[in-house]
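Asks: Next comes the structure file protein-v1.txt, holding compact mmCIF, C-alpha atoms.
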```
# COMPACT_ATOMS: atom_id res chain seq x y z
CA MET I 1 91.89 85.26 87.40
CA VAL I 2 90.14 82.97 89.85
CA LEU I 3 91.22 82.08 93.38
CA ILE I 4 90.57 78.59 94.71
CA THR I 5 90.98 77.68 98.36
CA ARG I 6 91.36 74.28 99.97
CA LYS I 7 91.14 73.85 103.74
CA ILE I 8 92.68 71.13 105.89
CA GLU I 9 93.02 70.66 109.62
CA PHE I 10 95.81 69.11 111.60
CA SER I 11 96.69 68.79 115.26
CA ALA I 12 100.18 69.23 116.63
CA SER I 13 102.08 70.22 119.74
CA HIS I 14 104.82 72.77 120.24
CA LEU I 15 106.56 74.98 122.75
CA TYR I 16 108.38 78.28 122.50
CA HIS I 17 111.88 78.31 123.88
CA ASN I 18 115.02 80.14 122.78
CA PRO I 19 118.18 78.53 124.22
CA ALA I 20 119.98 81.88 123.88
CA PHE I 21 117.57 83.41 126.43
CA SER I 22 117.76 82.91 130.19
CA ALA I 23 114.95 80.90 131.80
CA GLU I 24 113.52 84.16 133.06
CA GLU I 25 113.65 85.81 129.64
CA ASN I 26 112.01 82.80 128.01
CA ARG I 27 109.22 83.04 130.54
CA ARG I 28 108.81 86.77 130.07
CA VAL I 29 108.78 86.70 126.26
CA PHE I 30 106.84 83.49 125.67
CA GLY I 31 104.64 83.22 128.78
CA LYS I 32 102.86 79.89 129.14
CA CYS I 33 103.91 78.92 125.60
CA ASN I 34 107.27 78.27 127.28
CA ASN I 35 105.94 75.44 129.49
CA PRO I 36 108.61 72.76 129.12
CA HIS I 37 106.54 69.82 127.96
CA GLY I 38 104.67 71.72 125.27
CA HIS I 39 100.99 72.04 124.44
CA GLY I 40 98.89 71.56 121.32
CA HIS I 41 96.50 73.20 118.89
CA ASN I 42 94.05 72.24 116.20
CA TYR I 43 95.49 74.10 113.24
CA THR I 44 93.39 75.06 110.25
CA LEU I 45 95.23 75.66 107.01
CA GLU I 46 93.72 77.48 104.04
CA VAL I 47 95.70 77.27 100.83
CA THR I 48 94.69 79.61 98.01
CA VAL I 49 95.84 79.11 94.42
CA ALA I 50 95.32 81.70 91.68
CA GLY I 51 94.93 80.99 88.00
CA GLU I 52 92.78 81.01 84.89
CA PRO I 53 90.31 78.15 84.48
CA ASP I 54 91.41 75.70 81.80
CA PRO I 55 89.05 76.16 78.80
CA VAL I 56 88.51 72.40 78.48
CA THR I 57 88.11 71.31 82.13
CA GLY I 58 86.90 74.59 83.60
CA MET I 59 89.39 74.11 86.45
CA VAL I 60 92.22 76.28 87.75
CA LEU I 61 93.81 73.11 89.04
CA ASP I 62 92.89 69.55 89.81
CA LEU I 63 91.68 69.69 93.42
CA LYS I 64 92.52 66.02 93.88
CA GLU I 65 96.14 66.81 93.09
CA LEU I 66 96.15 69.73 95.55
CA LYS I 67 94.64 67.44 98.16
CA GLU I 68 97.45 64.93 97.59
CA ILE I 69 100.11 67.64 97.81
CA LEU I 70 98.65 68.87 101.11
CA GLU I 71 98.46 65.32 102.45
CA ARG I 72 102.08 64.60 101.52
CA GLU I 73 103.70 67.91 102.38
CA VAL I 74 101.68 69.03 105.40
CA MET I 75 99.60 66.24 106.95
CA GLN I 76 102.29 63.58 106.90
CA ARG I 77 104.88 66.00 108.19
CA MET I 78 102.93 67.84 110.87
CA ASP I 79 99.71 66.07 111.87
CA HIS I 80 99.96 64.58 115.36
CA ARG I 81 103.60 65.61 115.62
CA PHE I 82 105.61 67.66 118.09
CA LEU I 83 106.65 70.50 115.80
CA ASN I 84 109.88 71.40 117.66
CA TYR I 85 111.30 67.87 117.53
CA GLU I 86 109.74 66.14 114.54
CA VAL I 87 109.64 68.66 111.71
CA ALA I 88 113.10 69.12 110.20
CA GLU I 89 112.14 72.33 108.38
CA LEU I 90 111.39 74.01 111.72
CA LYS I 91 114.71 73.04 113.34
CA GLY I 92 116.30 76.05 114.97
CA GLN I 93 113.13 78.14 114.63
CA ILE I 94 110.49 78.97 117.20
CA PRO I 95 107.38 77.19 115.84
CA THR I 96 105.11 80.24 115.94
CA CYS I 97 102.17 80.58 113.60
CA GLU I 98 104.29 82.94 111.47
CA ASN I 99 107.16 80.45 111.11
CA ILE I 100 104.94 77.40 110.52
CA ALA I 101 102.98 79.28 107.84
CA ARG I 102 106.22 80.31 106.15
CA VAL I 103 107.56 76.76 106.17
CA ILE I 104 104.27 75.54 104.67
CA TRP I 105 104.52 78.22 101.95
CA GLN I 106 108.07 77.10 101.14
CA LEU I 107 107.01 73.45 100.99
CA LEU I 108 103.98 74.06 98.77
CA ASP I 109 105.21 76.76 96.41
CA PRO I 110 107.50 74.53 94.30
CA LYS I 111 104.94 71.70 94.24
CA ILE I 112 102.03 73.67 92.81
CA ARG I 113 102.43 73.65 89.05
CA GLN I 114 98.88 74.37 87.90
CA GLY I 115 98.04 77.93 88.87
CA ARG I 116 100.21 79.86 91.29
CA LEU I 117 100.26 79.77 95.07
CA HIS I 118 98.55 82.99 96.16
CA ARG I 119 98.11 82.77 99.90
CA VAL I 120 98.73 80.44 102.81
CA ARG I 121 96.63 81.19 105.89
CA LEU I 122 97.29 79.18 109.03
CA TYR I 123 94.94 79.47 112.00
CA GLU I 124 96.34 78.43 115.37
CA SER I 125 92.96 79.26 116.90
CA ALA I 126 89.86 81.05 115.64
CA ASP I 127 91.37 84.35 116.80
CA LEU I 128 95.00 83.99 115.75
CA PHE I 129 96.37 83.36 112.28
CA ALA I 130 99.28 84.10 109.95
CA ASP I 131 99.07 84.90 106.24
CA CYS I 132 101.83 84.40 103.68
CA TYR I 133 101.96 86.09 100.30
CA ARG I 134 104.55 86.19 97.56
CA ASN I 135 106.96 89.00 98.27
CA GLY I 136 107.53 91.49 95.49
CA ALA I 137 105.42 93.10 92.81
CA GLY I 138 101.87 93.67 93.87
CA ASN I 139 102.46 93.09 97.58
CA MET S 140 114.44 87.38 102.84
CA THR S 141 112.82 84.30 101.48
CA GLY S 142 110.45 85.73 98.90
CA VAL S 143 107.56 85.34 101.33
CA LYS S 144 105.70 88.13 103.03
CA VAL S 145 104.24 87.10 106.37
CA GLU S 146 101.37 88.83 108.16
CA LEU S 147 100.04 88.18 111.63
CA GLY S 148 96.25 88.27 112.00
CA ARG S 149 94.35 88.63 115.23
CA ARG S 150 90.63 88.75 115.94
CA TYR S 151 88.93 90.85 118.62
CA ARG S 152 85.31 91.40 119.59
CA PHE S 153 83.34 94.33 120.92
CA ALA S 154 79.69 95.30 121.25
CA ALA S 155 78.58 98.84 120.50
CA SER S 156 75.58 100.83 119.40
CA HIS S 157 75.15 103.35 116.63
CA ARG S 158 72.57 105.33 114.74
CA LEU S 159 72.97 106.16 111.06
CA HIS S 160 71.70 109.69 110.69
CA THR S 161 73.06 112.97 109.41
CA ASP S 162 71.91 116.53 109.93
CA ARG S 163 72.87 117.22 106.33
CA LEU S 164 69.78 115.38 105.16
CA SER S 165 66.12 115.98 105.96
CA GLU S 166 64.36 113.53 108.30
CA GLU S 167 62.61 112.04 105.31
CA GLU S 168 65.85 111.60 103.41
CA ASN S 169 67.53 110.06 106.48
CA VAL S 170 64.81 107.43 106.65
CA ARG S 171 64.99 106.83 102.91
CA VAL S 172 68.79 106.41 102.91
CA PHE S 173 69.37 104.66 106.24
CA GLY S 174 66.07 102.84 106.76
CA LYS S 175 65.66 101.40 110.24
CA CYS S 176 69.31 102.20 110.99
CA ALA S 177 68.04 105.79 111.40
CA ASN S 178 65.68 104.88 114.27
CA PRO S 179 66.17 107.65 116.83
CA TYR S 180 67.54 105.71 119.80
CA GLY S 181 70.08 103.64 117.88
CA HIS S 182 70.76 99.92 117.94
CA GLY S 183 73.79 97.69 118.47
CA HIS S 184 75.95 94.97 116.97
CA ASN S 185 78.51 92.45 118.09
CA TYR S 186 81.44 93.58 116.02
CA VAL S 187 84.36 91.34 115.11
CA LEU S 188 87.60 93.15 114.34
CA GLU S 189 90.40 91.47 112.41
CA VAL S 190 93.77 93.21 112.56
CA SER S 191 96.66 92.25 110.22
CA VAL S 192 100.21 93.45 110.78
CA SER S 193 103.40 92.69 108.88
CA GLY S 194 107.11 92.93 109.47
CA ASP S 195 110.21 90.82 109.71
CA VAL S 196 109.84 87.66 111.75
CA ASP S 197 112.36 88.11 114.58
CA PRO S 198 114.54 84.98 114.52
CA ALA S 199 114.94 85.11 118.31
CA THR S 200 111.21 84.93 119.01
CA GLY S 201 109.69 83.66 115.76
CA MET S 202 107.29 86.58 115.93
CA ILE S 203 106.38 89.63 113.87
CA ALA S 204 105.08 91.25 117.04
CA ASN S 205 104.56 89.97 120.53
CA LEU S 206 100.86 89.17 120.90
CA ALA S 207 100.77 90.66 124.38
CA ASP S 208 101.94 94.01 122.92
CA LEU S 209 99.41 93.89 120.09
CA ASP S 210 96.59 92.84 122.40
CA SER S 211 97.23 95.58 124.93
CA PHE S 212 97.52 98.21 122.19
CA VAL S 213 94.24 97.17 120.56
CA GLU S 214 92.59 96.93 123.97
CA ARG S 215 93.59 100.50 124.80
CA GLU S 216 93.02 102.11 121.39
CA VAL S 217 89.87 100.31 120.28
CA ILE S 218 88.21 97.96 122.74
CA GLU S 219 88.15 100.37 125.68
CA VAL S 220 86.89 103.14 123.40
CA PHE S 221 84.13 101.25 121.63
CA ASP S 222 83.09 98.24 123.72
CA HIS S 223 79.70 98.80 125.35
CA HIS S 224 79.57 102.37 124.14
CA SER S 225 77.42 104.40 121.80
CA MET S 226 79.60 105.47 118.86
CA ASN S 227 77.50 108.56 118.20
CA GLU S 228 77.55 109.76 121.80
CA ASP S 229 80.83 108.48 123.19
CA VAL S 230 83.39 108.59 120.34
CA ALA S 231 84.48 112.08 119.30
CA ALA S 232 85.28 111.01 115.73
CA PHE S 233 81.58 110.27 115.17
CA ARG S 234 80.17 113.56 116.42
CA ASP S 235 79.82 114.76 112.82
CA VAL S 236 80.57 111.60 110.86
CA VAL S 237 78.00 108.86 110.31
CA PRO S 238 79.22 105.75 112.17
CA THR S 239 78.74 103.33 109.32
CA THR S 240 81.05 100.35 109.45
CA GLU S 241 82.96 101.84 106.50
CA ASN S 242 83.75 104.89 108.63
CA LEU S 243 84.39 102.67 111.64
CA CYS S 244 87.05 100.78 109.65
CA ILE S 245 88.75 104.05 108.74
CA GLU S 246 88.67 105.29 112.35
CA ILE S 247 90.03 102.00 113.72
CA PHE S 248 92.76 101.96 111.07
CA LYS S 249 93.84 105.48 112.11
CA ARG S 250 93.99 104.42 115.74
CA LEU S 251 95.95 101.23 115.11
CA GLU S 252 98.32 102.70 112.54
CA ARG S 253 100.28 104.09 115.48
CA PHE S 254 101.19 100.57 116.70
CA PRO S 255 104.95 100.90 117.17
CA LYS S 256 106.03 97.24 116.89
CA ALA S 257 104.86 96.27 113.37
CA LYS S 258 103.28 97.71 110.26
CA LEU S 259 99.50 97.80 110.14
CA GLU S 260 98.41 96.18 106.88
CA ARG S 261 94.65 96.16 107.15
CA VAL S 262 91.63 96.08 109.40
CA ARG S 263 88.51 94.11 108.66
CA VAL S 264 85.34 94.73 110.64
CA GLN S 265 82.44 92.33 110.61
CA GLU S 266 79.23 94.07 111.62
CA THR S 267 77.16 90.91 111.41
CA SER S 268 78.08 87.51 110.04
CA ASN S 269 76.71 88.72 106.69
CA ASN S 270 78.42 92.12 106.41
CA SER S 271 82.11 92.86 106.61
CA PHE S 272 84.28 95.82 105.63
CA GLU S 273 88.01 96.21 105.08
CA HIS S 274 90.35 99.17 104.98
CA GLU S 275 94.05 99.26 104.14
CA GLY S 276 94.77 102.97 104.47
CA GLU S 277 97.50 103.91 102.04
CA ASN S 278 98.64 100.32 101.73
CA GLU S 279 96.40 99.61 98.80
CA ARG S 280 98.05 96.84 96.97
CA GLU S 281 97.04 94.58 94.19
CA ARG S 282 95.60 91.47 95.69
CA LEU S 283 96.11 89.31 92.66
```
Translate the structure described by the file into structure tokens.
Replies:
Amino acid sequence: MVLITRKIEFSASHLYHNPAFSAEENRRVFGKCNNPHGHGHNYTLEVTVAGEPDPVTGMVLDLKELKEILEREVMQRMDHRFLNYEVAELKGQIPTCENIARVIWQLLDPKIRQGRLHRVRLYESADLFADCYRNGAGN
Amino acid sequence: MTGVKVELGRRYRFAASHRLHTDRLSEEENVRVFGKCANPYGHGHNYVLEVSVSGDVDPATGMIANLADLDSFVEREVIEVFDHHSMNEDVAAFRDVVPTTENLCIEIFKRLERFPKAKLERVRVQETSNNSFEHEGENERERL
């Protein structure tokens, strides 16, 4: 088994606000992430695929294909977007690192046919990230 | 749930000194085993600590754990204890245990395991940009 990781970067804005909370509660729970007009981050996404290298090509998967999947599923959807308002998959969710990473996992998992999606790691900053793994055996 | 396990990772930094030396070995053996890490007055590193916790993502907040809670817990349990301290002299756990970064991982894991808001999955400690160590306690799981 070999793991292969591809990294991309995108920039997006978001804010944390739960309409079921009072203004005061929103402020207490989310702090400055609750500022009404939002703020942005440079996100770094690391996508890791596991598999056996093909005996003929020596590759777990065609990196060009992975690059295209990431461009289509992630970059076009999220890069230079306001995540609360422009990403349908995040509707009704607080766009935290945890939730964005999970949405990215759900978008990529069915699209990766060579090898198997092993991990999605999304950095919101150098010091904060979320990891997604397949739930179940081995986890 | 959705078939996805989500972990939250957070990085912290502290600077501390240590000396690798044990009374169970002769001076000669200490030098042979630990090399310049056995120099009598110790030396220091800028450590980077990576903490991963897991749990359900609360739909009301989108969070596994509130970062402010995690940060203040780590600050109290680890940063205040180790930052700008000598592990050998100032941390009781290292009175009789060699403060290698392996042992440091285990000690930090024990301290953070008590975090009440989420499950501690793993700690990773980087001693220098070339050396890092991880410990998962009893959570050992197949990575692949």
Asks: List the spatial neighbours of S:Val262 as an mmCIF file with C-alpha atoms, in the frame of the given file - criterion: any atom at most 9 Å away, all atoms listed in the file, same-chain residues fewer than 2 positions off excluded.
Replies:
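Printed below is result-v3.cif as written:
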```cif
data_model
loop_
_atom_site.group_PDB
_atom_site.id
_atom_site.type_symbol
_atom_site.label_atom_id
_atom_site.label_comp_id
_atom_site.auth_asym_id
_atom_site.auth_seq_id
_atom_site.Cartn_x
_atom_site.Cartn_y
_atom_site.Cartn_z
ATOM 1 C CA LEU S 188 87.600 93.150 114.340
ATOM 2 C CA GLU S 189 90.400 91.470 112.410
ATOM 3 C CA VAL S 190 93.770 93.210 112.560
ATOM 4 C CA SER S 191 96.660 92.250 110.220
ATOM 5 C CA CYS S 244 87.050 100.780 109.650
ATOM 6 C CA ILE S 245 88.750 104.050 108.740
ATOM 7 C CA ILE S 247 90.030 102.000 113.720
ATOM 8 C CA PHE S 248 92.760 101.960 111.070
ATOM 9 C CA LEU S 251 95.950 101.230 115.110
ATOM 10 C CA LEU S 259 99.500 97.800 110.140
ATOM 11 C CA GLU S 260 98.410 96.180 106.880
ATOM 12 C CA VAL S 264 85.340 94.730 110.640
ATOM 13 C CA PHE S 272 84.280 95.820 105.630
ATOM 14 C CA GLU S 273 88.010 96.210 105.080
ATOM 15 C CA HIS S 274 90.350 99.170 104.980
ATOM 16 C CA GLU S 275 94.050 99.260 104.140
#
```
Asks: Do me a favour and pick out the residues of chain I within 7 Å of chain S, using all atoms listed in the file, as a VMD selection string.
Replies: chain I and resid 18 93 to 96 98 to 99 127 to 135 138 to 139
Asks: Those selected residues, please, written with C-alpha atoms and delivered as a compact mmCIF listing (two decimals), keeping the file's coordinate frame.
Replies:
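File part_23.txt, as written:
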```txt
# COMPACT_ATOMS: atom_id res chain seq x y z
CA ASN I 18 115.02 80.14 122.78
CA GLN I 93 113.13 78.14 114.63
CA ILE I 94 110.49 78.97 117.20
CA PRO I 95 107.38 77.19 115.84
CA THR I 96 105.11 80.24 115.94
CA GLU I 98 104.29 82.94 111.47
CA ASN I 99 107.16 80.45 111.11
CA ASP I 127 91.37 84.35 116.80
CA LEU I 128 95.00 83.99 115.75
CA PHE I 129 96.37 83.36 112.28
CA ALA I 130 99.28 84.10 109.95
CA ASP I 131 99.07 84.90 106.24
CA CYS I 132 101.83 84.40 103.68
CA TYR I 133 101.96 86.09 100.30
CA ARG I 134 104.55 86.19 97.56
CA ASN I 135 106.96 89.00 98.27
CA GLY I 138 101.87 93.67 93.87
CA ASN I 139 102.46 93.09 97.58
```
Asks: Which residue is closest to I:Gln76? Choose from I:Glu46, I:Glu9, I:Glu124, I:Glu52 and count all atoms listed in the file.
Replies: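 Looking at the shortest contact to I:Gln76, the residue is I:Glu9.
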Asks: What is the distance, in Å and to one decimal place, between atom CA of I:Val47 and atom CA of S:Gly194?
Replies: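 Separation of atom CA of I:Val47 and atom CA of S:Gly194: 21.2 Å.
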Asks: Can you pull out every residue within 7 Å of S:Ala204, counting only C-alpha atoms, but drop anything in the same chain fewer than 3 positions away, and send it as a ChimeraX atom specification?
Replies: /S:209,256-257
Asks: Report, in Å with one decimal, the straight-line distance from atom CA of I:His39 to atom CA of I:Asp109.
Replies: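 That distance, rounded to one decimal, is 28.7 Å.
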Asks: Which residues, written as a list of chain:residue names, have at least one atom at most 8 Å from S:Thr161, with only C-alpha atoms counted and residues fewer than 2 positions away on the same chain left out?
Replies: S:Leu159, S:Arg163, S:Leu164, S:Asn169, S:Asp235, S:Val236, S:Val237
Asks: List as a compact mmCIF listing (two decimals) with C-alpha atoms, in the frame of the given file the protein and nucleic acid residues near S:Arg158, meaning an atom at most 7 Å away when only C-alpha atoms are counted, but skip any in the same chain fewer than 5 places from it.
Replies:
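The result, written out as result.txt:
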```
# COMPACT_ATOMS: atom_id res chain seq x y z
CA CYS S 176 69.31 102.20 110.99
CA ALA S 177 68.04 105.79 111.40
CA ASN S 178 65.68 104.88 114.27
CA GLY S 181 70.08 103.64 117.88
CA HIS S 182 70.76 99.92 117.94
CA ASN S 227 77.50 108.56 118.20
```
Asks: So the first atom is atom CA of I:Arg77 and the second is atom CA of I:Glu89; what is the distance between them in Å, to one decimal place?
Replies: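 Going from atom CA of I:Arg77 over to atom CA of I:Glu89 covers 9.6 Å.
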